[in-house]
Structure formats: structure tokens, C-alpha cells
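Some notes on the structure that comes next.
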Amino acid sequence: MSWMLISILYGIVVFIYSYWFYKKNYVYYKPFKYVNSETLDTVDVHKLYPEFRCLDKLSFLKIFIGNYFFSSIKFVINVFLAIMQIIRLKQHSRNLQNPSSNSEEWKIVSETISFWTTWLLRINGIKIIRKNLPYEEVYKKYLGEDYPFDPNERYSLIISNHTGFYDIIMNMSINSAGFLSKDETKQVPFVGTIAKGINCLFVKRENAQDRARIFEELEQRQRDFYAGNILSPLCIFPEGTTTNGKYILKFKKGAFFSLLPLKPQIILLGDNLDYSVAIGASSTALNYFRSLCYCGCNMYLCELPVIKPTEYMFEHYSDLGNEKWEVYAEVTRKIMCEIGGLTPSDKTFRDSKKYENSLLKGTYHEETEDLFMSNEIMI
């Protein structure tokens with residue numbers, strides 16, 4: 001009898017939590033139109049900002065079932081895996097500061113990062129499927145007919161379109177890569193410790209002087225890589241924010257201003273999913289906890305050959321930018337869009353915040369509040 005009572009009470013608690021959680025998510029899915037606070041006209045913000053709209057399905061029933069049977073178990077395992085990763089990183093912390101001092105020790109660290117993050121993906125049901133897409137014609141179109149495809153060419157930077165939290169975990173699993181990250185990440189439990197452990201570069205996004213410092217550190221890190229002082233590449237998401245996985249936003253300066261080689265990767269997601277790792281302009285935390293309620297999701301990864309600037313590119317596509325880095329960035333984006341079948345968009349982080357602010361408040365503002373302006377990613 002007591003077990004039956006406990007089961008009923010547990011079900012009631014889970015139901016209440018699931019309903020609250022569903023309503024928190026529903027804000028980003030509701031199909032209502034919003035009032036423009038200036039003109040008082042109704043505005044369909046989903047059509048204004050399709051780059052950031054969540055495209056998967058939202059089901060209260062599936063959230064409730066997932067929370068009832070396994071989301072808490074998955075969360076506990078996630079915490080365990082994070083703790084184990086932190087312990088292993090702490091054991092090898094001296095080599096993380098200067099990995100070239102002991103390449104064998106760094107190899108152990110790299111394997112540790114890959115092992116625990118791979119299990120994290122498996123436990124959460126995130127399956128990485130490598131996808132080969134034809135690229136030679138597109139590369140030659142933008143880089144020249146004689147562009148050399150060297151499978152062994154080294155690269156200090158990986159760039160990728162950005163769909164959500166699991167992009168980072170995937171790159172840690174595959175490349176043991178560090179990241180360019182906002183400074184606030186250091187304060188996030190577990191995540192901050194791991195981010196510092198894998199030598200991420202942190203930037204205070206609202207501080208112009210700090211952004212200038214990061215440009216210098218980023219270029220120095222690239223050169224240290226080629227000099228053998230750093231053994232792992234750095235991963236950058238040059239859009240500066242997340243999309244729903246169907247678009248690629250305009251690239252920012254950080255990955256391109258040094259004009260050094262980089263390796264692009266394209267993350268593709270399926271259609272009509274119950275759950276998608278792509279968060280658009282929604283909450284990272286809500287997306288993560290929602291992932292615990294589902295059995296899984298596929299991420300398709302297409303790794304492209306290294307791209308480096310060519311005279312052909314600067315001569316034939318000079319109209320794409322006023323500076324060389326702008327041409328380099330736009331050519332790279334066009335290559336990724338054409339190969340991956342994604343749509344280029346000139347929307348920015350500001351636009352994602354306009355969209356999110358509209359969903360949260362129910363009114364649409366042409367100008368985004370200063371709170372969001374100060375957080376724009378400039379790298």
C-alpha cells in the first residue's frame with residue numbers, strides 16, 4: 001500500500017513539474033502574433049525571424065513520460081560524467097597549461113576528454129552521424145581550379161555553424177577542442193571548470209578593450225599551434241549565436257582576421273523531429289533539460305577540407321567585403337551554405353534577442369533593450 005501511495009505522490013510531483021516545464025518551453029513555440037509597441041500593428045515575429053524559430057515538436061505527454069521514467073536518472077549520470085571529467089583534468093592540469101612540454105601526457109588528456117564526452121552524448125541519446133557531401137566543385141568555384149586538397153594539412157581553427165549546447169560536446173568528443181567562450185561560462189557549475197581545463201579563451205562581450213585583447217590572444221594561439229606549443233585546435237562558432245540549423249548567419253571577424261587556414265564543419269539536423277538539439281533563440285538550459293526527456297536525436301556532421309585564402313578568391317570575390325578578412329569570411333560562409341544546402345542570412349545576435357524578447361514579453365520592439373545590446377558577441 002505504501003509503495004502505491006509513493007508512486008501516486010511521485011506521479012503528481014512529476015506531473016506538476018512537467019506541466020511547469022512544458023509551459024516554460026511553450027513560450028518559444030506559441031503561434032500567436034505580437035503587437036508592435038510603436039505602431040500597434042500585429043506582427044508575426046516567427047515570419048520575421050525564421051532563423052531562430054524552434055522547428056521541432058513540443059509534446060507535454062512525451063515530456064511527462066520522460067520525466068517520470070528516466071530524465072532524473074540521465075541527469076545524475078550526466079553529473080557523474082562531468083565530475084569524472086573534472087577529476088581527470090585536474091590530475092593533468094600542469095600539462096594543460098603547456099601541453100607541448102609532454103605530448104604523451106597531452107595525448108592522455110585528449111583521450112580523457114574524448115572518452116567522457118562521448119559517453120555523455122551516448123547517455124543523452126545524441127548520435128553523431130558523419131556525412132560525406134560533394135565539395136570539390138564548390139571549393140574550386142570560390143578558391144580556384146588549382147586549389148590544393150591536402151588531407152594532411154594542419155589547422156589551428158575549426159569553425160562550425162552553431163545549433164546549440166551539443167555542438168560543443170560533439171567537438172570535445174571528436175577533436176578535444178577548446179573554445180572561444182563568453183566570460184560568464186567560467187561561473188557555470190561543472191561547465192566552467194571543464195572549460196578552463198580544456199584551455200578555452202574567454203571574452204567579456206560587453207568590454208571593448210577585452211575584445212581587442214582576445215583578437216591578439218587568438219592570433220597568438222594560432223601561431224603557437226603551428227609552432228608546436230599548443231597541440232589541440234580551437235573551435236569557433238563565427239555566427240556569434242545559435243540558429244535553428246537551417247540558416248548560417250553572417251560571420252564575425254575573429255576566425256578570419258589572421259588569414260590563417262581553418263577547417264569548416266557543417267552540422268545538419270533532420271526535419272519534423274520530436275526533439276532537436278537546435279535551440280534557435282530559446283533557452284540553452286531548457287533545451288538541455290528537455291533533451292533528458294527524450295530517447296535521442298541524430299546530428300549529421302560534415303567535415304570539409306581545410307580552407308585557406310587564395311589570390312583567386314581575393315581577385316574574383318573582392319566585392320564581398322572591404323577588407324581581406326571580410327572576403328575570406330563571406331567566401332567561407334558561401335561554401336558552407338552551398339555544400340550543406342543551408343540558407344545564408346544577414347541576421348545577427350541582436351535579431352535573435354529581438355525575437356526572444358518578443359516571445360517572452362508578448363510585444364515586439366523594433367529596437368532591442370540595452371540589456372541585450374550590451375551582450376552582443378563581437379568576436
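As shown in the C-alpha cells, the chain order sets the letters A, B, ...; within each chain, residues go from 1, and ligands are also counted from 1 in the order they appear.
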Would you list, as a PyMOL selection string, the residues of range 169-336 of chain A that end up in strand (DSSP E) under DSSP run on this structure's backbone? chain A and resi 178-182+201-203+234-236+247-249+263-268+297-303
Hey, what's within 10 Å of range 119-126 of chain A if we count only C-alpha atoms and toss same-chain stuff fewer than 2 positions away? As a ChimeraX atom specification, please? /A:71,73-75,77-82,114-117,128-129,166,169-170,173,276-277,288,291-299
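Using only C-alpha atoms, the protein and nucleic acid residues lying no more than 12 Å from Lys347 in chain A, apart from those fewer than 4 places from it along its own chain, are Leu48, Tyr49, Pro50, Glu51, Phe52, Glu239, Gly240, Thr241, Thr242, Thr243, Tyr247, Ile248, Leu249, Lys250, Phe251, Lys252, Thr343, Asp351, Ser352, Lys353, Lys354 and Tyr355 of chain A.
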With N, CA and C atoms kept, could you save the residues just selected as a PDB file, in the first residue's frame?
ATOM      1  N   LEU A  48       9.184  36.985 -39.252  1.00  0.00           N
ATOM      2  CA  LEU A  48      10.251  37.993 -39.328  1.00  0.00           C
ATOM      3  C   LEU A  48      11.621  37.385 -39.046  1.00  0.00           C
ATOM      4  N   TYR A  49      11.656  36.405 -38.149  1.00  0.00           N
ATOM      5  CA  TYR A  49      12.922  35.813 -37.731  1.00  0.00           C
ATOM      6  C   TYR A  49      12.877  34.283 -37.829  1.00  0.00           C
ATOM      7  N   PRO A  50      12.727  33.747 -39.044  1.00  0.00           N
ATOM      8  CA  PRO A  50      12.644  32.283 -39.189  1.00  0.00           C
ATOM      9  C   PRO A  50      13.942  31.584 -38.811  1.00  0.00           C
ATOM     10  N   GLU A  51      15.053  32.313 -38.776  1.00  0.00           N
ATOM     11  CA  GLU A  51      16.355  31.708 -38.445  1.00  0.00           C
ATOM     12  C   GLU A  51      16.400  31.171 -37.018  1.00  0.00           C
ATOM     13  N   PHE A  52      15.559  31.722 -36.153  1.00  0.00           N
ATOM     14  CA  PHE A  52      15.666  31.412 -34.726  1.00  0.00           C
ATOM     15  C   PHE A  52      14.468  30.636 -34.181  1.00  0.00           C
ATOM     16  N   GLU A 239      29.210  32.653 -36.220  1.00  0.00           N
ATOM     17  CA  GLU A 239      27.930  33.369 -36.294  1.00  0.00           C
ATOM     18  C   GLU A 239      27.699  34.208 -35.036  1.00  0.00           C
ATOM     19  N   GLY A 240      28.292  33.792 -33.917  1.00  0.00           N
ATOM     20  CA  GLY A 240      28.146  34.543 -32.674  1.00  0.00           C
ATOM     21  C   GLY A 240      26.883  34.237 -31.903  1.00  0.00           C
ATOM     22  N   THR A 241      26.040  33.349 -32.410  1.00  0.00           N
ATOM     23  CA  THR A 241      24.829  32.936 -31.707  1.00  0.00           C
ATOM     24  C   THR A 241      24.308  31.665 -32.372  1.00  0.00           C
ATOM     25  N   THR A 242      23.216  31.127 -31.838  1.00  0.00           N
ATOM     26  CA  THR A 242      22.667  29.877 -32.363  1.00  0.00           C
ATOM     27  C   THR A 242      21.494  30.142 -33.306  1.00  0.00           C
ATOM     28  N   THR A 243      21.268  29.204 -34.225  1.00  0.00           N
ATOM     29  CA  THR A 243      20.111  29.246 -35.120  1.00  0.00           C
ATOM     30  C   THR A 243      19.331  27.948 -34.953  1.00  0.00           C
ATOM     31  N   TYR A 247      19.888  27.784 -41.281  1.00  0.00           N
ATOM     32  CA  TYR A 247      20.500  29.004 -41.796  1.00  0.00           C
ATOM     33  C   TYR A 247      21.941  29.113 -41.297  1.00  0.00           C
ATOM     34  N   ILE A 248      22.726  29.941 -41.993  1.00  0.00           N
ATOM     35  CA  ILE A 248      24.029  30.353 -41.482  1.00  0.00           C
ATOM     36  C   ILE A 248      24.060  31.869 -41.495  1.00  0.00           C
ATOM     37  N   LEU A 249      24.258  32.465 -40.313  1.00  0.00           N
ATOM     38  CA  LEU A 249      24.285  33.908 -40.188  1.00  0.00           C
ATOM     39  C   LEU A 249      25.625  34.469 -40.664  1.00  0.00           C
ATOM     40  N   LYS A 250      25.687  35.774 -40.789  1.00  0.00           N
ATOM     41  CA  LYS A 250      26.908  36.438 -41.237  1.00  0.00           C
ATOM     42  C   LYS A 250      28.022  36.186 -40.225  1.00  0.00           C
ATOM     43  N   PHE A 251      29.217  35.852 -40.718  1.00  0.00           N
ATOM     44  CA  PHE A 251      30.332  35.516 -39.848  1.00  0.00           C
ATOM     45  C   PHE A 251      30.997  36.776 -39.279  1.00  0.00           C
ATOM     46  N   LYS A 252      31.469  36.650 -38.053  1.00  0.00           N
ATOM     47  CA  LYS A 252      32.190  37.733 -37.406  1.00  0.00           C
ATOM     48  C   LYS A 252      33.696  37.588 -37.656  1.00  0.00           C
ATOM     49  N   THR A 343      20.686  28.097 -45.808  1.00  0.00           N
ATOM     50  CA  THR A 343      20.338  29.413 -46.331  1.00  0.00           C
ATOM     51  C   THR A 343      21.163  30.495 -45.647  1.00  0.00           C
ATOM     52  N   ASP A 351      19.231  40.424 -33.549  1.00  0.00           N
ATOM     53  CA  ASP A 351      17.937  39.967 -34.064  1.00  0.00           C
ATOM     54  C   ASP A 351      17.391  38.799 -33.249  1.00  0.00           C
ATOM     55  N   SER A 352      18.285  37.898 -32.835  1.00  0.00           N
ATOM     56  CA  SER A 352      17.827  36.765 -32.026  1.00  0.00           C
ATOM     57  C   SER A 352      17.257  37.254 -30.697  1.00  0.00           C
ATOM     58  N   LYS A 353      17.821  38.337 -30.167  1.00  0.00           N
ATOM     59  CA  LYS A 353      17.330  38.882 -28.905  1.00  0.00           C
ATOM     60  C   LYS A 353      16.034  39.661 -29.090  1.00  0.00           C
ATOM     61  N   LYS A 354      15.877  40.317 -30.238  1.00  0.00           N
ATOM     62  CA  LYS A 354      14.591  40.944 -30.539  1.00  0.00           C
ATOM     63  C   LYS A 354      13.481  39.886 -30.571  1.00  0.00           C
ATOM     64  N   TYR A 355      13.789  38.786 -31.232  1.00  0.00           N
ATOM     65  CA  TYR A 355      12.825  37.695 -31.366  1.00  0.00           C
ATOM     66  C   TYR A 355      12.506  37.087 -29.998  1.00  0.00           C
TER      67      TYR A 355
END
Who sits within 10 Å of range 311-317 of chain A, only C-alpha atoms, same chain under 3 positions skipped, as JSON, numbers by chain: {"A": [140, 141, 142, 143, 144, 145, 146, 147, 308, 320, 321, 323, 324, 325, 327, 328, 330, 331]}
Can you pull out every residue within 8 Å of Gly178 in chain A, counting only C-alpha atoms, but drop anything in the same chain fewer than 4 positions away, and send it as a ChimeraX atom specification? /A:172,195,198-201,232-235
Would you mind exporting C-alpha atoms of the selected residues as a PDB file, in the first residue's frame?
ATOM      1  CA  MET A 172      35.110  17.952 -27.430  1.00  0.00           C
ATOM      2  CA  ALA A 195      36.008  24.968 -19.994  1.00  0.00           C
ATOM      3  CA  ILE A 198      40.499  22.470 -21.890  1.00  0.00           C
ATOM      4  CA  ASN A 199      42.117  25.903 -22.380  1.00  0.00           C
ATOM      5  CA  CYS A 200      39.146  27.858 -23.671  1.00  0.00           C
ATOM      6  CA  LEU A 201      39.624  31.542 -24.440  1.00  0.00           C
ATOM      7  CA  SER A 232      44.816  20.999 -29.880  1.00  0.00           C
ATOM      8  CA  PRO A 233      42.857  23.259 -32.269  1.00  0.00           C
ATOM      9  CA  LEU A 234      40.403  25.883 -31.112  1.00  0.00           C
ATOM     10  CA  CYS A 235      36.762  25.716 -32.188  1.00  0.00           C
TER      11      CYS A 235
END
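CA of Asn322 in chain A sits 23.9 Å away from CA of Gln222 in chain A.
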Shell around Lys263 in chain A at 7 Å using only C-alpha atoms, local window under 2 positions removed, as a PyMOL selection string: chain A and resi 155+157-159+265+304-307
Selection above as a file: C-alpha atoms, as a JSON list (two decimals), in the first residue's frame:
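Resulting contents of again_20.json:
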[["chain", "number", "residue", "atom", "x", "y", "z"],
["A", 155, "TYR", "CA", 44.72, 23.65, -38.96],
["A", 157, "LEU", "CA", 40.95, 26.61, -36.01],
["A", 158, "ILE", "CA", 37.74, 24.67, -36.52],
["A", 159, "ILE", "CA", 34.67, 26.68, -37.46],
["A", 265, "GLN", "CA", 32.39, 21.65, -40.40],
["A", 304, "LEU", "CA", 35.14, 19.77, -45.06],
["A", 305, "PRO", "CA", 38.74, 20.15, -46.26],
["A", 306, "VAL", "CA", 40.85, 22.97, -44.89],
["A", 307, "ILE", "CA", 40.12, 26.39, -46.39]]
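With CA of Leu342 in chain A on one side and CA of Lys246 in chain A on the other, the separation reads 5.5 Å.
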Can you pull out the residues contacting Phe15 in chain A? Cut-off 10 Å, using only C-alpha atoms, and skip same-chain residues under 6 positions away; I want them as number ranges by chain. A: 9, 21, 60-61, 63-65, 67-68
I need the residues from that last selection saved to file as a compact mmCIF listing (two decimals), in the first residue's frame (with N, CA and C atoms), if you can.
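Final output, saved to out.txt:
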# COMPACT_ATOMS: atom_id res chain seq x y z
N LEU A 9 2.11 9.79 -5.32
CA LEU A 9 2.70 11.08 -4.97
C LEU A 9 3.80 11.47 -5.95
N PHE A 21 7.36 22.84 -16.72
CA PHE A 21 8.45 22.79 -17.69
C PHE A 21 7.91 22.95 -19.11
N PHE A 60 3.61 17.69 -24.39
CA PHE A 60 3.54 17.56 -22.93
C PHE A 60 3.60 16.09 -22.52
N LEU A 61 2.91 15.23 -23.28
CA LEU A 61 2.87 13.81 -22.93
C LEU A 61 4.27 13.21 -22.92
N ILE A 63 7.12 14.80 -22.61
CA ILE A 63 7.89 15.40 -21.52
C ILE A 63 7.53 14.73 -20.20
N PHE A 64 6.25 14.49 -19.97
CA PHE A 64 5.82 13.85 -18.72
C PHE A 64 6.35 12.42 -18.62
N ILE A 65 6.23 11.65 -19.71
CA ILE A 65 6.71 10.26 -19.69
C ILE A 65 8.22 10.22 -19.47
N ASN A 67 10.12 12.50 -17.99
CA ASN A 67 10.42 12.90 -16.61
C ASN A 67 10.06 11.80 -15.62
N TYR A 68 8.99 11.08 -15.91
CA TYR A 68 8.53 10.04 -14.98
C TYR A 68 9.50 8.86 -14.95
